[in-house]
Amino acid sequence: MNKIAIIGPGAVGSTIAIDLLTIHPDLRLLGRHHQTLTYFANNNTGHAHTLQVTPLTTDQSQVDVLIIAIKIPQLDAILREMKHLIHEQTTIILAQNGHDQLSRFEHPHVFQGVVYISGRKSGSTVTHYRDHKIILEDSPETRAFQDIVAGSSLEIELTNDIDYAIWYKLLVNLAINSVTALSRRTAEVLQVPGMKHLCKQLLVEGVAIAQAENVYFDDDIIDGIMTIYEGYPNQMGTSMYYDIISDNPLEIEGIQGFLFRKAKLHQVDTPVLDTIYSLLLAQQK
Ligand code: NAP
């Protein structure tokens with residue numbers, strides 16, 4: 001019997017919940033307070049689902065698998081509030097962007113997931129746009145997790161090089177999140193003269209930092225990421241864009257801040273990142 005809970009009834013957590021509830025109807029979706037969510041799958045083309053959220057602080061029974069799907073600035077609060085949910089063997093999946101958050105856990109069985117699920121929560125409505133995939137390091141615990149979710153719409157991809165997958169997603173987030181957040185404009189900001197060049201400069205610096213950390217990419221990685229950006233619909237926002245326009249804390253320290261600190265550590269010259277990071281910090285209330 002596998003007891004599963006998800007902390008964070010946002011875009012990612014709700015999508016994982018919808019996917020897993022079909023095969024694990026006892027799964028609990030935990031948030032700050034009782035809430036009934038309306039969930040629209042596949043960019044609002046499917047019918048609406050209803051999801052019940054129960055408060056994390058009042059849910060008392062331990063789980064075998066805990067999925068944490070919250071934003072990076074909320075992690076410290078969750079680490080204090082989730083202790084009653086885990087036992088020694090609980091597998092924790094951190095479904096989050098960014099890098100280095102695992103160092104904040106004392107629990108032994110924690111795995112960073114590289115999340116390919118796109119959606120947005122606004123009030124009590126969650127709209128899922130696309131994808132249902134999480135990449136995890138290949139290990140006995142994550143293989144067991146893959147078995148637990150088999151038969152659901154959630155795809156678990158296991159890799160022997162999770163660092164590469166985390167860094168790749170970090171670089172994809174780096175430029176587009178920075179320019180959409182700082183300009184407070186959706187992906188159409190890429191049409192502004194010089195903006196694609198700015199993205200490329202950030203990516204060049206990001207690749208150099210990765211290399212200093214012994215993470216190596218093919219020569220065409222920057223062109224590949226720019227092609228991804230160019231495929232974004234003009235009206236598409238990024239999570240940092242939605243956070244800044246909603247006045248929410250930004251995930252700067254897990255993305256730009258993490259890279260900034262690594263650049264300083266390895267003495268990699270990153271003038272564009274340094275500027276972007278300071279400008280983002282200035283936005284943070
Ligand atoms: P989100 O929509 O903001 O959801 C976070 C949820 O956590 C919210 O429902 C929030 O509650 C809840 N929460 C915050 N503090 C809490 C606490 N102390 N106790 C209980 N619940 C708490 O975030 P998301 O978009 O799902 O993103 C989660 C992670 O996945 C982030 O690292 C993000 O960068 C990454 N990611 C997101 C996407 C995407 O398209 N959304 C794609 C890939 C990766 P309230 O609703 O009450 O605020």
# chains A, B, ... in the order shown; residues from 1 in each chain; ligands from 1
>>> residues_around(residues="Leu182 in chain A", least_positions_apart="5", cutoff="8 Å", atoms="only C-alpha atoms", output="VMD selection string")
chain A and resid 241 279 to 280
>>> write_last_selection(atoms="C-alpha atoms", output="PDB file, in the first residue's frame")
ATOM      1  CA  TYR A 241       6.545  36.702 -15.383  1.00  0.00           C
ATOM      2  CA  LEU A 279      17.807  44.156 -11.562  1.00  0.00           C
ATOM      3  CA  LEU A 280      15.715  41.149 -10.508  1.00  0.00           C
TER       4      LEU A 280
END
>>> residues_near_ligand(ligand="ligand 1", cutoff="9 Å", atoms="only C-alpha atoms and all ligand atoms", output="ChimeraX atom specification")
/A:7-15,30-33,35,55-57,68-79,81-82,94-98,114-124,126,128-130,169,173,238-240,243,248,251,254
>>> select_by_dssp(residues="range 20-151 of chain A", states="helix (DSSP H, G or I)", output="JSON, numbers by chain")
{"A": [20, 21, 72, 73, 74, 75, 76, 77, 78, 79, 80, 81, 83, 84, 85, 101, 102, 103, 104, 140, 141, 142, 143, 144, 145, 146, 147, 148, 149]}
>>> closest_residue(among="A:Leu136, A:Tyr168, A:Ser178, A:His266", to="Gly224 in chain A", atoms="only C-alpha atoms")
A:Tyr168
>>> residues_around(residues="Leu27 in chain A", least_positions_apart="2", cutoff="8 Å", atoms="only C-alpha atoms", output="PyMOL selection string")
chain A and resi 3-6+17+20-21+24-25+29
>>> atom_distance(atom1="CA of Asp138 in chain A", atom2="CA of Asn214 in chain A")
19.8 Å
>>> residues_around(residues="Thr186 in chain A", least_positions_apart="4", cutoff="10 Å", atoms="only C-alpha atoms", output="NGL selection string")
:A and (176-177 or 179-181 or 190 or 232-238 or 241-242)
>>> write_last_selection(atoms="N, CA and C atoms", output="tab-separated table (two decimals), in the first residue's frame")
chain	number	residue	atom	x	y	z
A	176	ILE	N	14.66	33.30	-20.75
A	176	ILE	CA	13.27	33.71	-21.01
A	176	ILE	C	12.59	34.19	-19.73
A	177	ASN	N	12.88	33.55	-18.59
A	177	ASN	CA	12.29	34.04	-17.33
A	177	ASN	C	12.81	35.43	-17.00
A	179	VAL	N	13.98	37.87	-19.04
A	179	VAL	CA	13.52	39.00	-19.88
A	179	VAL	C	12.01	39.21	-19.76
A	180	THR	N	11.25	38.15	-19.57
A	180	THR	CA	9.80	38.35	-19.42
A	180	THR	C	9.49	38.99	-18.07
A	181	ALA	N	10.22	38.58	-17.02
A	181	ALA	CA	9.95	39.16	-15.70
A	181	ALA	C	10.37	40.63	-15.66
A	190	LEU	N	10.24	38.99	-27.06
A	190	LEU	CA	11.36	38.55	-27.90
A	190	LEU	C	11.41	39.32	-29.23
A	232	TYR	N	7.51	29.65	-28.68
A	232	TYR	CA	6.52	30.04	-27.68
A	232	TYR	C	5.49	30.97	-28.31
A	233	PRO	N	4.22	30.75	-28.05
A	233	PRO	CA	3.21	31.70	-28.54
A	233	PRO	C	3.45	33.07	-27.89
A	234	ASN	N	3.17	34.13	-28.64
A	234	ASN	CA	3.43	35.49	-28.13
A	234	ASN	C	2.82	35.76	-26.77
A	235	GLN	N	1.63	35.20	-26.55
A	235	GLN	CA	0.90	35.53	-25.31
A	235	GLN	C	1.34	34.67	-24.12
A	236	MET	N	2.29	33.75	-24.36
A	236	MET	CA	2.70	32.86	-23.28
A	236	MET	C	3.58	33.58	-22.25
A	237	GLY	N	3.22	33.45	-21.00
A	237	GLY	CA	4.05	34.01	-19.93
A	237	GLY	C	4.99	32.94	-19.40
A	238	THR	N	5.91	33.33	-18.54
A	238	THR	CA	6.76	32.35	-17.85
A	238	THR	C	6.37	32.42	-16.37
A	241	TYR	N	7.41	35.61	-14.90
A	241	TYR	CA	6.54	36.70	-15.38
A	241	TYR	C	5.25	36.73	-14.58
A	242	TYR	N	4.61	35.55	-14.42
A	242	TYR	CA	3.34	35.52	-13.68
A	242	TYR	C	3.57	35.91	-12.23
>>> closest_residue(among="A:Glu213, A:Asp147, A:Ile228, A:His84", to="Arg261 in chain A", atoms="only C-alpha atoms")
A:Glu213
>>> decode(residues="range 138-227 of chain A", atoms="C-alpha atoms", output="compact mmCIF listing (two decimals), in the first residue's frame")
# COMPACT_ATOMS: atom_id res chain seq x y z
CA ASP A 138 17.65 6.57 -11.82
CA SER A 139 17.70 4.89 -8.39
CA PRO A 140 15.84 2.09 -6.60
CA GLU A 141 13.49 4.65 -5.00
CA THR A 142 12.68 6.47 -8.24
CA ARG A 143 12.21 3.17 -10.07
CA ALA A 144 9.70 2.22 -7.35
CA PHE A 145 8.01 5.59 -7.85
CA GLN A 146 7.85 4.98 -11.60
CA ASP A 147 6.07 1.69 -10.86
CA ILE A 148 3.65 3.40 -8.48
CA VAL A 149 2.56 5.90 -11.15
CA ALA A 150 2.54 3.41 -14.05
CA GLY A 151 -0.83 3.43 -15.78
CA SER A 152 -1.44 7.13 -15.06
CA SER A 153 -0.86 10.07 -17.42
CA LEU A 154 2.21 11.12 -15.45
CA GLU A 155 5.36 10.18 -17.34
CA ILE A 156 8.45 9.49 -15.26
CA GLU A 157 11.70 9.50 -17.23
CA LEU A 158 14.72 8.10 -15.39
CA THR A 159 18.21 9.26 -16.24
CA ASN A 160 21.74 8.45 -15.16
CA ASP A 161 22.71 12.11 -15.58
CA ILE A 162 20.22 14.16 -13.58
CA ASP A 163 22.69 17.02 -13.30
CA TYR A 164 22.62 17.46 -17.06
CA ALA A 165 18.80 17.48 -17.06
CA ILE A 166 18.66 20.01 -14.18
CA TRP A 167 21.23 22.28 -15.83
CA TYR A 168 19.51 22.10 -19.20
CA LYS A 169 16.19 23.19 -17.66
CA LEU A 170 18.03 25.86 -15.67
CA LEU A 171 19.43 27.33 -18.88
CA VAL A 172 16.05 27.16 -20.62
CA ASN A 173 14.57 29.09 -17.68
CA LEU A 174 17.46 31.52 -17.36
CA ALA A 175 17.00 33.81 -20.33
CA ILE A 176 13.27 33.71 -21.01
CA ASN A 177 12.29 34.04 -17.33
CA SER A 178 14.69 36.96 -16.89
CA VAL A 179 13.52 39.00 -19.88
CA THR A 180 9.80 38.35 -19.42
CA ALA A 181 9.95 39.16 -15.70
CA LEU A 182 12.08 42.30 -16.05
CA SER A 183 10.02 43.66 -18.94
CA ARG A 184 6.72 42.43 -17.43
CA ARG A 185 5.84 41.23 -20.92
CA THR A 186 4.99 37.78 -22.23
CA ALA A 187 7.04 35.92 -24.86
CA GLU A 188 6.18 38.66 -27.38
CA VAL A 189 9.00 40.62 -25.73
CA LEU A 190 11.36 38.55 -27.90
CA GLN A 191 10.27 40.71 -30.86
CA VAL A 192 11.82 43.81 -29.22
CA PRO A 193 15.06 44.69 -31.07
CA GLY A 194 18.08 43.30 -29.24
CA MET A 195 16.07 40.99 -26.95
CA LYS A 196 17.06 37.73 -28.66
CA HIS A 197 20.68 38.89 -28.57
CA LEU A 198 20.35 39.55 -24.83
CA CYS A 199 18.92 36.04 -24.35
CA LYS A 200 21.83 34.55 -26.29
CA GLN A 201 24.36 36.48 -24.20
CA LEU A 202 22.77 35.16 -21.01
CA LEU A 203 22.83 31.63 -22.40
CA VAL A 204 26.50 31.92 -23.42
CA GLU A 205 27.32 32.90 -19.83
CA GLY A 206 25.10 30.13 -18.44
CA VAL A 207 26.84 27.50 -20.60
CA ALA A 208 30.25 28.77 -19.42
CA ILE A 209 29.14 28.43 -15.77
CA ALA A 210 27.84 24.91 -16.45
CA GLN A 211 31.18 24.01 -17.99
CA ALA A 212 33.00 25.30 -14.91
CA GLU A 213 30.76 22.90 -12.93
CA ASN A 214 31.76 20.05 -15.29
CA VAL A 215 28.42 19.96 -17.09
CA TYR A 216 29.02 19.94 -20.83
CA PHE A 217 26.51 20.61 -23.60
CA ASP A 218 26.68 20.17 -27.37
CA ASP A 219 27.82 23.20 -29.36
CA ASP A 220 24.30 23.81 -30.68
CA ILE A 221 22.63 24.09 -27.26
CA ILE A 222 22.15 27.86 -27.50
CA ASP A 223 20.58 27.67 -30.96
CA GLY A 224 18.41 24.82 -29.67
CA ILE A 225 17.15 26.87 -26.70
CA MET A 226 16.58 29.91 -28.91
CA THR A 227 14.49 27.69 -31.21
